[in-house]
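Below is target-v3.cif, which holds mmCIF, C-alpha atoms.
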```
data_run
loop_
_atom_site.label_atom_id
_atom_site.label_comp_id
_atom_site.auth_asym_id
_atom_site.auth_seq_id
_atom_site.Cartn_x
_atom_site.Cartn_y
_atom_site.Cartn_z
CA MET A 130 61.38 14.69 6.81
CA ARG A 131 57.84 15.49 5.72
CA LYS A 132 56.83 11.86 6.11
CA TYR A 133 58.41 11.62 9.54
CA ILE A 134 56.61 14.74 10.73
CA LYS A 135 53.34 13.62 9.20
CA ASN A 136 53.53 10.23 10.93
CA ASP A 137 54.30 11.86 14.24
CA ALA A 138 51.33 14.20 13.90
CA GLU A 139 49.00 11.32 13.04
CA GLU A 140 50.20 9.14 15.89
CA ASN A 141 49.62 11.91 18.41
CA ASP A 142 46.37 13.19 16.96
CA TYR A 143 47.80 16.54 15.92
CA PHE A 144 47.56 18.21 12.54
CA LEU A 145 50.23 19.80 10.38
CA CYS A 146 50.37 23.54 9.80
CA PRO A 147 47.38 24.49 7.63
CA ASP A 148 49.33 27.31 5.93
CA GLU A 149 51.01 25.45 3.07
CA GLU A 150 53.74 28.01 2.49
CA LEU A 151 54.57 28.14 6.18
CA LEU A 152 54.60 24.35 6.34
CA ASP A 153 57.05 24.13 3.44
CA ASP A 154 59.33 26.72 5.05
CA LEU A 155 59.22 24.93 8.41
CA ILE A 156 60.12 21.58 6.85
CA GLU A 157 62.87 23.21 4.82
CA GLY A 158 64.21 24.70 8.07
CA LEU A 159 64.19 21.29 9.74
CA VAL A 160 66.06 19.75 6.81
CA GLU A 161 68.63 22.56 6.95
CA ASN A 162 69.13 22.11 10.71
CA LYS A 163 69.53 18.36 10.31
CA LYS A 164 72.24 19.08 7.77
CA ARG A 165 73.85 21.79 9.88
CA TYR A 166 73.72 20.22 13.35
CA GLY A 167 73.07 16.55 12.68
CA TYR A 168 69.60 16.66 14.23
CA PRO A 169 66.40 18.46 13.29
CA SER A 170 66.22 21.19 15.91
CA CYS A 171 63.32 23.64 15.88
CA PRO A 172 63.63 25.87 12.80
CA CYS A 173 62.37 28.89 14.74
CA ARG A 174 64.88 28.66 17.57
CA ASP A 175 68.59 29.39 17.63
CA ALA A 176 70.33 26.07 18.36
CA SER A 177 73.66 25.83 20.17
CA GLY A 178 74.93 23.04 17.96
CA LEU A 179 75.53 20.83 21.01
CA LYS A 180 73.04 18.01 21.12
CA THR A 181 72.75 17.69 24.91
CA TYR A 182 71.92 21.37 25.18
CA ASP A 183 69.53 21.33 22.24
CA SER A 184 67.77 18.07 23.09
CA ASP A 185 64.68 19.86 24.39
CA ILE A 186 64.21 21.70 21.08
CA ILE A 187 64.73 18.77 18.72
CA CYS A 188 61.50 18.45 16.76
CA PRO A 189 59.02 17.42 18.12
CA CYS A 190 60.20 19.57 21.01
CA GLU A 191 59.49 19.06 24.69
CA TYR A 192 57.18 22.05 24.71
CA ARG A 193 54.92 20.93 21.90
CA ASP A 194 52.26 19.13 23.92
CA VAL A 195 51.67 21.90 26.43
CA ASP A 196 51.74 24.57 23.72
CA VAL A 197 49.23 22.75 21.54
CA ASP A 198 47.07 22.27 24.63
CA GLU A 199 47.22 25.93 25.55
CA TYR A 200 47.54 27.77 22.24
CA GLY A 201 46.43 25.23 19.65
CA MET A 202 49.89 25.18 18.08
CA CYS A 203 53.50 24.45 18.91
CA TYR A 204 56.00 27.32 19.07
CA CYS A 205 56.82 27.27 15.36
CA GLY A 206 53.33 26.28 14.22
CA LEU A 207 54.32 22.96 12.66
CA PHE A 208 51.91 20.99 14.83
CA VAL A 209 48.43 22.35 15.45
CA SER A 210 45.16 21.31 17.07
CA GLU A 211 42.04 20.42 15.11
CA GLU A 212 40.60 23.83 15.93
CA VAL A 213 43.53 25.72 14.40
CA LYS A 214 43.56 23.40 11.41
CA LYS A 215 39.92 24.35 10.76
CA ASP A 216 40.59 28.04 11.27
CA PRO A 217 44.13 28.90 10.14
CA SER A 218 43.58 32.56 11.07
CA LYS A 219 44.25 31.40 14.62
CA LEU A 220 47.87 30.69 13.67
CA GLY A 221 50.11 33.34 15.13
CA PRO A 222 52.98 34.05 17.47
CA ILE A 223 52.85 32.38 20.86
CA PRO A 224 55.17 33.05 23.81
CA GLU A 225 58.45 31.15 24.06
CA ARG A 226 57.98 28.56 26.80
CA ARG A 227 61.59 27.32 26.83
CA PRO A 228 62.96 28.45 30.20
CA SER A 229 65.43 31.35 30.16
CA GLU A 230 67.99 29.36 32.17
CA ILE A 231 68.12 26.70 29.46
CA ILE A 232 68.33 29.30 26.69
CA GLU A 233 71.18 30.95 28.57
CA ALA A 234 73.08 27.75 29.35
CA ALA A 235 72.75 26.50 25.78
CA ALA A 236 73.95 29.80 24.34
CA GLU A 237 76.93 29.84 26.65
CA ALA A 238 77.86 26.25 25.90
CA GLY A 239 77.47 26.87 22.18
CA ASN A 240 79.97 29.71 22.43
CA ASP A 241 82.65 27.43 23.70
CA LYS A 242 82.55 24.37 21.51
CA ASN A 243 85.78 23.11 23.11
CA LYS A 244 83.94 22.70 26.37
CA VAL A 245 82.37 19.66 24.73
CA GLU A 246 79.14 18.20 25.93
CA LYS A 247 78.57 18.25 29.64
CA THR A 248 75.64 17.20 31.74
CA PRO A 249 72.35 17.15 29.94
CA LEU A 250 69.96 19.83 31.05
CA SER A 251 66.65 18.24 30.58
CA GLU A 252 66.63 16.20 33.75
CA LYS A 253 63.99 18.39 35.25
CA GLU A 254 62.81 16.09 37.98
CA GLY A 255 59.94 16.47 40.37
CA SER A 256 56.96 18.38 39.15
CA ILE A 257 55.99 16.54 35.98
CA LYS A 258 52.77 14.52 36.05
CA VAL A 259 52.57 10.97 34.74
CA TRP A 260 49.41 9.86 32.95
CA ARG A 261 48.42 6.22 32.55
CA CYS A 262 46.24 4.93 29.75
CA THR A 263 43.64 2.77 31.47
CA VAL A 264 43.16 0.79 28.26
CA CYS A 265 46.70 -0.36 27.46
CA GLY A 266 48.85 0.90 30.34
CA TYR A 267 50.90 3.36 28.29
CA LEU A 268 52.56 6.02 30.47
CA ALA A 269 53.11 9.61 29.42
CA GLY A 270 54.97 12.22 31.46
CA ARG A 271 53.34 15.56 30.65
CA GLU A 272 51.18 18.26 32.17
CA THR A 273 47.92 17.13 30.58
CA PRO A 274 46.90 13.73 29.19
CA PRO A 275 47.71 13.19 25.51
CA PRO A 276 44.71 13.87 23.23
CA VAL A 277 44.89 10.26 22.13
CA CYS A 278 46.98 7.30 23.26
CA PRO A 279 49.76 6.82 20.66
CA ILE A 280 49.68 3.06 21.32
CA CYS A 281 46.02 2.00 21.46
CA LYS A 282 44.29 5.24 20.29
CA ALA A 283 42.15 5.54 23.42
CA LYS A 284 40.91 9.11 23.97
CA ALA A 285 42.24 11.57 26.57
CA GLU A 286 39.42 10.85 29.01
CA ARG A 287 40.68 7.26 29.36
CA PHE A 288 43.87 8.57 31.00
CA VAL A 289 44.27 8.84 34.77
CA VAL A 290 47.09 10.36 36.80
CA PHE A 291 49.57 7.63 37.70
CA LYS A 292 50.47 7.99 41.35
CA ASN A 293 52.43 4.85 42.18
CA LEU A 294 55.81 6.37 41.52
CA SER A 295 58.33 4.96 44.00
CA MET B 77 79.92 44.33 10.38
CA ASN B 78 78.91 42.58 7.23
CA SER B 79 76.52 40.21 8.97
CA ILE B 80 73.78 42.80 8.75
CA ASP B 81 71.92 42.71 5.50
CA ILE B 82 70.20 45.76 4.17
CA VAL B 83 67.07 45.49 2.10
CA ASN B 84 66.42 48.63 0.16
CA GLY B 85 62.95 50.05 -0.12
CA LYS B 86 61.38 53.32 -1.17
CA LYS B 87 59.96 53.94 2.29
CA ASP B 88 62.68 54.82 4.72
CA ASP B 89 60.98 57.09 7.27
CA HIS B 90 61.59 54.50 9.97
CA ASP B 91 64.79 52.89 11.12
CA ILE B 92 63.95 49.19 11.15
CA LYS B 93 66.13 46.40 12.40
CA VAL B 94 64.91 42.82 12.55
CA PHE B 95 66.58 40.00 14.45
CA THR B 96 65.90 36.79 12.56
CA ILE B 97 66.86 33.13 12.27
CA SER B 98 67.65 31.99 8.74
CA THR B 99 65.61 28.78 9.03
CA CYS B 100 62.61 30.40 10.74
CA ALA B 101 59.40 30.44 8.73
CA TRP B 102 57.87 33.33 10.70
CA CYS B 103 61.01 35.41 10.20
CA LYS B 104 60.65 34.78 6.48
CA LYS B 105 57.10 36.07 6.70
CA VAL B 106 58.30 39.32 8.30
CA LYS B 107 60.97 39.84 5.64
CA LYS B 108 58.45 39.12 2.92
CA LEU B 109 55.88 41.51 4.38
CA LEU B 110 58.41 44.35 4.68
CA ARG B 111 59.57 43.75 1.11
CA SER B 112 55.98 43.80 -0.13
CA MET B 113 55.43 47.09 1.73
CA ASP B 114 58.53 48.48 0.00
CA VAL B 115 60.02 49.44 3.33
CA GLU B 116 63.77 49.76 3.89
CA PHE B 117 65.07 47.54 6.67
CA ARG B 118 68.10 45.81 8.08
CA TYR B 119 68.13 42.26 9.36
CA VAL B 120 70.57 39.92 11.00
CA ASP B 121 70.27 36.12 10.97
CA ILE B 122 71.56 35.30 14.44
CA ASP B 123 71.96 31.57 13.80
CA LEU B 124 74.56 32.29 11.13
CA LEU B 125 76.81 34.29 13.45
CA GLU B 126 79.65 32.93 15.55
CA GLY B 127 81.85 33.83 18.47
CA GLU B 128 82.21 37.41 19.64
CA GLU B 129 79.93 38.78 16.98
CA LYS B 130 77.14 36.43 17.98
CA ASN B 131 77.51 37.46 21.63
CA LYS B 132 77.27 41.12 20.76
CA VAL B 133 74.16 40.69 18.67
CA ARG B 134 72.63 38.46 21.34
CA GLU B 135 73.21 41.09 24.00
CA GLU B 136 71.66 43.73 21.81
CA LEU B 137 68.59 41.58 21.20
CA GLU B 138 68.30 40.77 24.88
CA GLU B 139 67.85 44.46 25.69
CA TYR B 140 64.58 44.43 23.82
CA ASN B 141 63.51 40.82 24.28
CA PRO B 142 64.86 38.85 27.26
CA LYS B 143 63.98 35.49 25.69
CA ARG B 144 65.78 36.52 22.51
CA SER B 145 63.12 34.93 20.36
CA CYS B 146 62.89 35.73 16.68
CA PRO B 147 61.57 37.53 14.75
CA THR B 148 62.04 40.63 16.90
CA MET B 149 61.59 43.93 15.13
CA ILE B 150 63.12 47.12 16.54
CA ILE B 151 61.64 50.30 15.15
CA ASP B 152 63.39 53.66 15.52
CA GLY B 153 65.88 52.46 18.08
CA GLY B 154 63.26 50.86 20.31
CA ASP B 155 60.30 53.28 20.11
CA GLU B 156 58.37 50.19 19.08
CA VAL B 157 59.40 46.59 19.55
CA ILE B 158 57.38 43.90 17.82
CA ILE B 159 58.04 40.32 18.86
CA GLY B 160 56.73 37.65 16.53
CA PHE B 161 55.03 37.98 13.16
CA LYS B 162 52.20 40.37 14.01
CA GLU B 163 51.11 41.50 10.58
CA ASP B 164 48.44 43.96 11.70
CA LYS B 165 50.70 45.56 14.28
CA ILE B 166 53.57 45.91 11.82
CA LYS B 167 51.32 47.56 9.25
CA GLU B 168 49.76 49.80 11.86
CA VAL B 169 53.09 51.07 13.16
CA LEU B 170 54.69 51.55 9.75
CA GLU B 171 51.71 53.19 8.14
CA GLU B 172 50.96 55.53 11.03
CA GLU B 173 53.71 57.99 10.19
CA LYS B 174 52.55 58.25 6.63
CA GLU B 175 49.16 59.53 7.70
CA ASP B 176 50.82 62.11 9.94
CA GLU B 177 52.87 63.38 7.06
CA GLU B 178 49.81 63.78 4.92
CA ILE B 179 48.35 66.13 7.50
CA HIS B 180 51.41 68.38 7.55
#
```

Let me see whether you can do it: turn the structure in this file into structure tokens.
Amino acid sequence: MRKYIKNDAEENDYFLCPDEELLDDLIEGLVENKKRYGYPSCPCRDASGLKTYDSDIICPCEYRDVDVDEYGMCYCGLFVSEEVKKDPSKLGPIPERRPSEIIEAAAEAGNDKNKVEKTPLSEKEGSIKVWRCTVCGYLAGRETPPPVCPICKAKAERFVVFKNLS
Amino acid sequence: MNSIDIVNGKKDDHDIKVFTISTCAWCKKVKKLLRSMDVEFRYVDIDLLEGEEKNKVREELEEYNPKRSCPTMIIDGGDEVIIGFKEDKIKEVLEEEKEDEEIH
């Protein structure tokens, strides 16, 4: 698990939590959730146990990129920006970005395990921007360009908004 | 309800209830801080609950914190609600009373 997380951080130009004790606890939580639910959902969120409803909070969660952009860390603090890595005192609670409707729907579905898995929730169409790496053509659907292209390592400024969608 | 764990401490001038998630590293920090301050508190790991009991606890948490994020600390029945591990705030609130008592 630690290796997997470390690789993901490196590929995306993030850093791991600079507080060693916190980092160990977070990884332990991920391992426990993998054992409990079959997938490593965010250790700091209450999972429903139904994969389609928890898919947005499987680590790395859908909210990581925007949270690291805005607060320098993801919700649980596992992934941080260079700035927070250099100054761990900046680690601290950030607001929960996961929408209330999803939290509600997941909780409800989790209550009734017989209801089985229904339609996945994370088909939030429409508003999301798509960024294109001008160096290798990699596309990323997110609010801001990735800090570094995970494919060719080009920097954020080499990304442009991709407009030719349908 | 046996899902609520009580941690004994010498300081019990506040009624403290913390909603936590057993795998959450920040929740662990809150528990650790309260233990180190020798404060008596109750906590409930919401991820370990099921069915009706989980619903009840969820509803209770929602009253104080609509997103139901953890850790959420309820002090004296809601006089103070601290969402997230805010070490300075927790110390400030719990140590305030002590100073008052010294004046009396």

**Item:** Interface residues on chain B facing chain A, 7 Å, all atoms listed in the file, written as JSON, numbers by chain
**Value:** {"B": [97, 99, 100, 101, 123, 127, 143, 160, 161]}

**Pick from B:Asp114, B:Tyr119, B:Lys107, B:Leu170, whichever lies nearest to Ile80 of chain B using all atoms listed in the file** =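 Checking each of B:Asp114, B:Tyr119, B:Lys107, B:Leu170 against Ile80 of chain B, counting all atoms listed in the file, the winner is B:Tyr119.
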
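Interatomic distance, atom CA of Phe208 of chain A to atom CA of Asp196 of chain A: 9.6 Å.
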
**Prompt:** Within 8 Å of (51.8, 15.2, 31.4), in the coordinates the file gives, what residues turn up when you count all atoms listed in the file, written out as an MDAnalysis selection string?
**Reply:** chainID A and resid 257:260 269:275

Store the residues of this selection in a file with C-alpha atoms, as a tab-separated table (two decimals), in the frame of the given file.
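Saved file selection36.tsv follows:
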```tsv
chain	number	residue	atom	x	y	z
A	257	ILE	CA	55.99	16.54	35.98
A	258	LYS	CA	52.77	14.52	36.05
A	259	VAL	CA	52.57	10.97	34.74
A	260	TRP	CA	49.41	9.86	32.95
A	269	ALA	CA	53.11	9.61	29.42
A	270	GLY	CA	54.97	12.22	31.46
A	271	ARG	CA	53.34	15.56	30.65
A	272	GLU	CA	51.18	18.26	32.17
A	273	THR	CA	47.92	17.13	30.58
A	274	PRO	CA	46.90	13.73	29.19
A	275	PRO	CA	47.71	13.19	25.51
```

**Item:** Between atom CA of Pro147 of chain B and atom CA of Ala138 of chain A - distance in Å to one decimal
**Value:**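 Taking atom CA of Ala138 of chain A as the start and atom CA of Pro147 of chain B as the end point, the length is 25.5 Å.
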
Please determine an axis-aligned box that encloses all atoms of segment 124-142 of chain B listed in the file, with 5 Å added on each side, and express its centre and edge lengths in Å to one decimal as JSON.
```
{"center_x": 72.9, "center_y": 38.4, "center_z": 19.2, "size_x": 28.7, "size_y": 22.2, "size_z": 26.1}
```

**Message:** Given all atoms listed in the file as the basis, pick out the residue of B:Asp121, B:Glu163, B:Glu128, B:Asp89 nearest to Ser145 of chain B.
**Reply:** B:Asp121

**Prompt:** Rounded to one decimal in Å, what is the spacing between atom CA of Glu138 of chain B and atom CA of Val106 of chain B?
**Reply:**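 Separating atom CA of Glu138 of chain B from atom CA of Val106 of chain B is a distance of 19.4 Å.
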
**Item:** Pick from B:Lys93, B:Ser79, B:Glu172, B:Lys87 nearest to Ile122 of chain B, counting all atoms listed in the file
**Value:**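 Among the listed residues, the smallest separation from Ile122 of chain B belongs to B:Ser79.
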
**Item:** Protein/DNA/RNA residues near (41.1, 18.7, 23.6), cut 9 Å, all atoms listed in the file, as a list in words
**Value:**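 The answer, in the requested form, is Asp198, Ser210, Glu211, Pro275, Pro276 and Ala285 of chain A.
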